Amino acid sequence: MIRVLGALVLLAGGAAAQPVGDAADTVFLASGARVGEVTATSAVVWTRTTAEPQRRSGQEISGRPVVTLASGVDVSALEGAVPGAAGEVRVTVRQRGDDGDARVFDWLQTAADRDFTRQVLLDGLAADTPYVVTVEARPAAPEAEATAPETVTFRTAPGPDQRRPIRFAAMTCQYYGRRDRPDGFGIYPSMAAGRPDFYLSIGDNVYYDNESPRATSVELARYHWQRMFTLPAIASFLRSVPGYWLKDDHDLLRNDSWPGIDPGISAPMTFEEGQAVFVEQTPAPERPYRTVRWGKGLQLWLVEGRDFRSPNDMPDGPGKTIWGTEQWRWLRDSLLASDADWKVLVSPTPIVGPDRSNKADNHANAAFSHEGDAIREWFRANLDDSLLVIVGDRHWQYHSVHPETGLQEFSVGPASDAHAGGTPGEDPAYHRFHRVGGGFLSVDVDWVGERPRIVLRHRGVSGRVVYEVERLGS
């Protein structure tokens with residue numbers, strides 16, 4: 001079971017969490033720090049105390065065929081592992097360029113039951129303002145000396161009436177064994193070169209089930225996050241770019257999974273444990289679906305596609321859902337209430353597609369056609385063409401327009417060229433653009449005179465533009 005108390009998630013049942021370790025003589029921040037869930041007045045800082053100053057080196061175990069580790073293997077000794085250690089962290093935040101007043105939070109303990117992670121909510125921030133966050137660590141002992149400071153920067157969102165140009169990037173599907181450089185993925189410096197205000201990581205941040213070593217326990221699931229997000233290219237990017245993280249099947253349990261599914265190859269780890277690990281390893285929002293405003297020009301809706309879904313193999317009909325009744329009601333109400341110039345729905349899985357005919361996992365598939373048809377028709381009947389959809393999950397880039405409803409969807413593509421493939425092929429009835437390749441999507445929102453403009457650019461892993469769409473609002 002899972003109990004959620006704010007950002008606190010307690011694991012019970014299934015694989016037992018590690019016992020709380022003894023306080024270390026020295027602790028470090030080898031897992032770094034990152035900022036997420038930025039609004040005009042708040043943000044969440046994530047960090048983790050570690051026993052060593054850097055990730056473990058050694059022989060890489062990744063890719064396919066998938067290796068399942070024997071029972072008793074010391075996970076903390078694997079390549080890319082970052083063993084944790086109990087300690088304390090302190091967060092300090094100040095406006096960039098202001099050497100005067102700073103807000104200093106109390107020291108907070110870290111422990112093994114949360115993988116030594118800690119999250120701190122920064123509230124009461126000023127809109128459209130750059131901030132510097134410093135995270136310090138120390139052993140959990142009286143008068144211990146602070147060590148290993150980490151510094152990250154971010155800028156809060158403009159208020160809903162402010163007109164400021166916004167730029168963001170969106171990516172998905174990063175597979176450790178298919179990265180295109182030893183220190184990570186080329187898309188990270190490519191995204192950083194555009195100086196985005198934030199980025200979207202739209203699911204499949206790691207691969208538990210079809211990447212070695214297979215995650216069959218909470219300990220192994222945590223290891224996947226450790227080795228991925230301590231890659232230097234990713235860690236460097238996160239020091240200056242805040243993010244919003246969504247989950248999908250591979251960073252939850254196994255392919256095409258839903259609540260109550262038999263863990264199968266991922267046993268004994270459970271779906272519920274995967275939910276808890278995701279909340280633990282990312283800057284966590286209050287609820288998994290949320291909307292965030294970035295000035296007058298942009299509002300984002302980040303939907304949750306796993307927690308509330310019906311079994312994929314359930315017969316289709318009115319009772320079958322991916323989003324669930326409450327989330328769908330929230331989405332309709334908040335879309336109708338928005339006066340943003342551009343409305344961007346961000347989904348871990350496709351709504352338009354088209355997808356492969358043998359899939360039964362998303363709103364572009366026949367298996368969920370009842371809800372998919374209802375969603376697309378509601379969008380057509382109630383919203384104008386200021387609504388766009390950005391999706392992860394698919395290993396090819398595309399811009400699709402639904403033939404009946406006109407809903408436009410942009411698939412960002414996988415994090416590397418080596419991880420691209422699987423497309424059913426180009427479909428002229430849907431596709432305005434179709435490319436099998438890695439990369440990301442960059443989006444700019446600004447104004448031409450009084451008319452709002454949005455420009456969406458599919459880019460390859462080097463950042464080269466491979467497709468571009470410019471839209472002007474009324």
# chains A, B, ... in the order shown; residues from 1 in each chain; ligands from 1
>>> residues_around(residues="A:Gly124", least_positions_apart="3", cutoff="12 Å", atoms="only C-alpha atoms", output="mmCIF file with N, CA and C atoms, in the first residue's frame")
data_model
loop_
_atom_site.group_PDB
_atom_site.id
_atom_site.type_symbol
_atom_site.label_atom_id
_atom_site.label_comp_id
_atom_site.auth_asym_id
_atom_site.auth_seq_id
_atom_site.Cartn_x
_atom_site.Cartn_y
_atom_site.Cartn_z
ATOM 1 N N VAL A 38 7.996 24.614 -10.922
ATOM 2 C CA VAL A 38 8.070 26.066 -10.777
ATOM 3 C C VAL A 38 6.738 26.706 -11.149
ATOM 4 N N THR A 39 6.282 27.637 -10.313
ATOM 5 C CA THR A 39 5.140 28.487 -10.620
ATOM 6 C C THR A 39 5.596 29.941 -10.491
ATOM 7 N N ALA A 40 4.653 30.874 -10.510
ATOM 8 C CA ALA A 40 5.009 32.283 -10.338
ATOM 9 C C ALA A 40 5.449 32.581 -8.912
ATOM 10 N N THR A 41 5.072 31.739 -7.949
ATOM 11 C CA THR A 41 5.364 32.040 -6.552
ATOM 12 C C THR A 41 6.025 30.900 -5.792
ATOM 13 N N SER A 42 6.316 29.775 -6.448
ATOM 14 C CA SER A 42 6.841 28.630 -5.707
ATOM 15 C C SER A 42 7.692 27.730 -6.593
ATOM 16 N N ALA A 43 8.417 26.829 -5.948
ATOM 17 C CA ALA A 43 9.207 25.804 -6.631
ATOM 18 C C ALA A 43 9.538 24.733 -5.602
ATOM 19 N N VAL A 93 17.870 30.145 -0.262
ATOM 20 C CA VAL A 93 17.408 30.714 -1.527
ATOM 21 C C VAL A 93 17.488 32.232 -1.450
ATOM 22 N N ARG A 94 17.967 32.830 -2.549
ATOM 23 C CA ARG A 94 18.031 34.291 -2.639
ATOM 24 C C ARG A 94 17.800 34.704 -4.080
ATOM 25 N N ARG A 103 16.749 33.599 2.309
ATOM 26 C CA ARG A 103 15.887 32.746 3.130
ATOM 27 C C ARG A 103 16.632 31.445 3.392
ATOM 28 N N LEU A 121 9.833 22.761 -0.273
ATOM 29 C CA LEU A 121 8.966 23.680 -1.005
ATOM 30 C C LEU A 121 9.419 25.113 -0.746
ATOM 31 N N ALA A 127 7.178 36.730 -8.711
ATOM 32 C CA ALA A 127 6.987 36.279 -10.089
ATOM 33 C C ALA A 127 8.073 36.824 -11.002
ATOM 34 N N THR A 129 11.184 36.211 -11.586
ATOM 35 C CA THR A 129 12.387 36.640 -10.866
ATOM 36 C C THR A 129 13.404 35.509 -10.841
ATOM 37 N N THR A 156 11.340 32.137 -11.771
ATOM 38 C CA THR A 156 9.929 31.866 -11.584
ATOM 39 C C THR A 156 9.137 32.265 -12.821
#
>>> closest_atom_pairs(of="stretch 55-159 of chain A", to="stretch 237-261 of chain A", cutoff="10 Å", atoms="only C-alpha atoms", output="CSV")
residue,atom,partner,partner_atom,distance
A:Val132,CA,A:Ser240,CA,9.4
A:Val133,CA,A:Arg239,CA,9.6
A:Glu150,CA,A:Arg239,CA,8.6
A:Thr151,CA,A:Arg239,CA,6.8
A:Val152,CA,A:Arg239,CA,4.4
A:Thr153,CA,A:Ser240,CA,4.9
A:Phe154,CA,A:Ser240,CA,6.0
A:Arg155,CA,A:Pro242,CA,8.4
A:Thr156,CA,A:Pro242,CA,9.6
>>> closest_residue(among="A:His402, A:Phe116, A:Phe440, A:Leu472", to="A:Ser190", atoms="only C-alpha atoms")
A:Phe440
>>> closest_residue(among="A:Thr147, A:Ser462, A:Ser386, A:Ser474", to="A:Asp180", atoms="only C-alpha atoms")
A:Ser462
>>> decode(residues="stretch 170-209 of chain A", atoms="N, CA and C atoms", output="short mmCIF file (atom, residue, chain, number, x, y, z; two decimals), in the first residue's frame")
data_model
loop_
_atom_site.label_atom_id
_atom_site.label_comp_id
_atom_site.auth_asym_id
_atom_site.auth_seq_id
_atom_site.Cartn_x
_atom_site.Cartn_y
_atom_site.Cartn_z
N ALA A 170 11.07 19.94 -24.57
CA ALA A 170 10.36 18.74 -24.16
C ALA A 170 11.07 17.51 -24.71
N MET A 171 11.24 16.49 -23.86
CA MET A 171 11.92 15.27 -24.28
C MET A 171 11.28 14.07 -23.58
N THR A 172 11.71 12.86 -24.00
CA THR A 172 11.16 11.63 -23.43
C THR A 172 12.10 10.47 -23.75
N CYS A 173 11.84 9.32 -23.15
CA CYS A 173 12.42 8.03 -23.56
C CYS A 173 13.95 8.04 -23.59
N GLN A 174 14.56 8.11 -22.39
CA GLN A 174 16.03 8.04 -22.35
C GLN A 174 16.45 6.68 -21.78
N TYR A 175 17.13 5.95 -22.63
CA TYR A 175 17.53 4.57 -22.35
C TYR A 175 19.03 4.58 -22.11
N TYR A 176 19.45 4.18 -20.92
CA TYR A 176 20.85 4.31 -20.49
C TYR A 176 21.82 3.65 -21.46
N GLY A 177 21.50 2.45 -21.91
CA GLY A 177 22.40 1.71 -22.79
C GLY A 177 22.42 2.21 -24.22
N ARG A 178 21.58 3.21 -24.54
CA ARG A 178 21.55 3.77 -25.89
C ARG A 178 21.86 5.27 -25.88
N ARG A 179 22.58 5.71 -24.87
CA ARG A 179 23.00 7.11 -24.87
C ARG A 179 24.06 7.32 -25.94
N ASP A 180 24.18 8.55 -26.41
CA ASP A 180 25.06 8.82 -27.55
C ASP A 180 26.37 9.49 -27.17
N ARG A 181 26.66 9.57 -25.89
CA ARG A 181 27.96 10.04 -25.42
C ARG A 181 28.19 9.45 -24.03
N PRO A 182 29.43 9.19 -23.65
CA PRO A 182 29.68 8.51 -22.37
C PRO A 182 29.10 9.23 -21.17
N ASP A 183 29.06 10.57 -21.23
CA ASP A 183 28.58 11.34 -20.07
C ASP A 183 27.09 11.61 -20.11
N GLY A 184 26.36 11.00 -21.03
CA GLY A 184 24.92 11.19 -21.05
C GLY A 184 24.34 11.21 -22.45
N PHE A 185 23.54 12.22 -22.74
CA PHE A 185 22.86 12.35 -24.02
C PHE A 185 23.14 13.73 -24.62
N GLY A 186 23.36 13.73 -25.94
CA GLY A 186 23.65 14.99 -26.62
C GLY A 186 22.52 15.99 -26.57
N ILE A 187 21.29 15.51 -26.35
CA ILE A 187 20.18 16.47 -26.32
C ILE A 187 20.30 17.45 -25.15
N TYR A 188 20.99 17.09 -24.07
CA TYR A 188 21.04 17.99 -22.92
C TYR A 188 21.84 19.26 -23.20
N PRO A 189 23.08 19.17 -23.70
CA PRO A 189 23.73 20.42 -24.08
C PRO A 189 23.02 21.12 -25.23
N SER A 190 22.36 20.36 -26.12
CA SER A 190 21.61 20.97 -27.21
C SER A 190 20.41 21.76 -26.65
N MET A 191 19.70 21.20 -25.69
CA MET A 191 18.60 21.93 -25.07
C MET A 191 19.12 23.14 -24.31
N ALA A 192 20.22 22.97 -23.59
CA ALA A 192 20.78 24.07 -22.80
C ALA A 192 21.19 25.24 -23.66
N ALA A 193 21.65 24.96 -24.88
CA ALA A 193 22.10 26.04 -25.77
C ALA A 193 20.98 27.01 -26.10
N GLY A 194 19.75 26.56 -26.04
CA GLY A 194 18.61 27.42 -26.31
C GLY A 194 18.16 28.25 -25.12
N ARG A 195 18.77 28.04 -23.96
CA ARG A 195 18.47 28.77 -22.72
C ARG A 195 16.97 28.71 -22.40
N PRO A 196 16.44 27.50 -22.24
CA PRO A 196 15.00 27.39 -21.95
C PRO A 196 14.67 27.85 -20.53
N ASP A 197 13.44 28.33 -20.35
CA ASP A 197 12.96 28.67 -19.02
C ASP A 197 12.72 27.43 -18.18
N PHE A 198 12.37 26.32 -18.84
CA PHE A 198 12.14 25.05 -18.15
C PHE A 198 12.15 23.94 -19.20
N TYR A 199 12.11 22.70 -18.72
CA TYR A 199 11.96 21.59 -19.66
C TYR A 199 10.95 20.60 -19.11
N LEU A 200 10.40 19.81 -20.02
CA LEU A 200 9.44 18.76 -19.70
C LEU A 200 10.08 17.41 -19.97
N SER A 201 10.09 16.54 -18.98
CA SER A 201 10.53 15.16 -19.16
C SER A 201 9.28 14.29 -19.14
N ILE A 202 8.83 13.86 -20.33
CA ILE A 202 7.47 13.34 -20.49
C ILE A 202 7.44 11.81 -20.42
N GLY A 203 7.96 11.26 -19.32
CA GLY A 203 7.85 9.84 -19.08
C GLY A 203 8.98 9.01 -19.65
N ASP A 204 9.10 7.78 -19.14
CA ASP A 204 10.18 6.86 -19.48
C ASP A 204 11.53 7.53 -19.25
N ASN A 205 11.65 8.13 -18.05
CA ASN A 205 12.91 8.72 -17.63
C ASN A 205 14.00 7.67 -17.46
N VAL A 206 13.58 6.48 -17.06
CA VAL A 206 14.45 5.30 -16.96
C VAL A 206 13.63 4.10 -17.43
N TYR A 207 14.30 2.99 -17.66
CA TYR A 207 13.63 1.79 -18.12
C TYR A 207 13.88 0.66 -17.12
N TYR A 208 12.86 0.34 -16.32
CA TYR A 208 13.00 -0.69 -15.31
C TYR A 208 12.99 -2.10 -15.89
N ASP A 209 12.14 -2.31 -16.90
CA ASP A 209 11.81 -3.69 -17.28
C ASP A 209 12.59 -4.22 -18.46
#
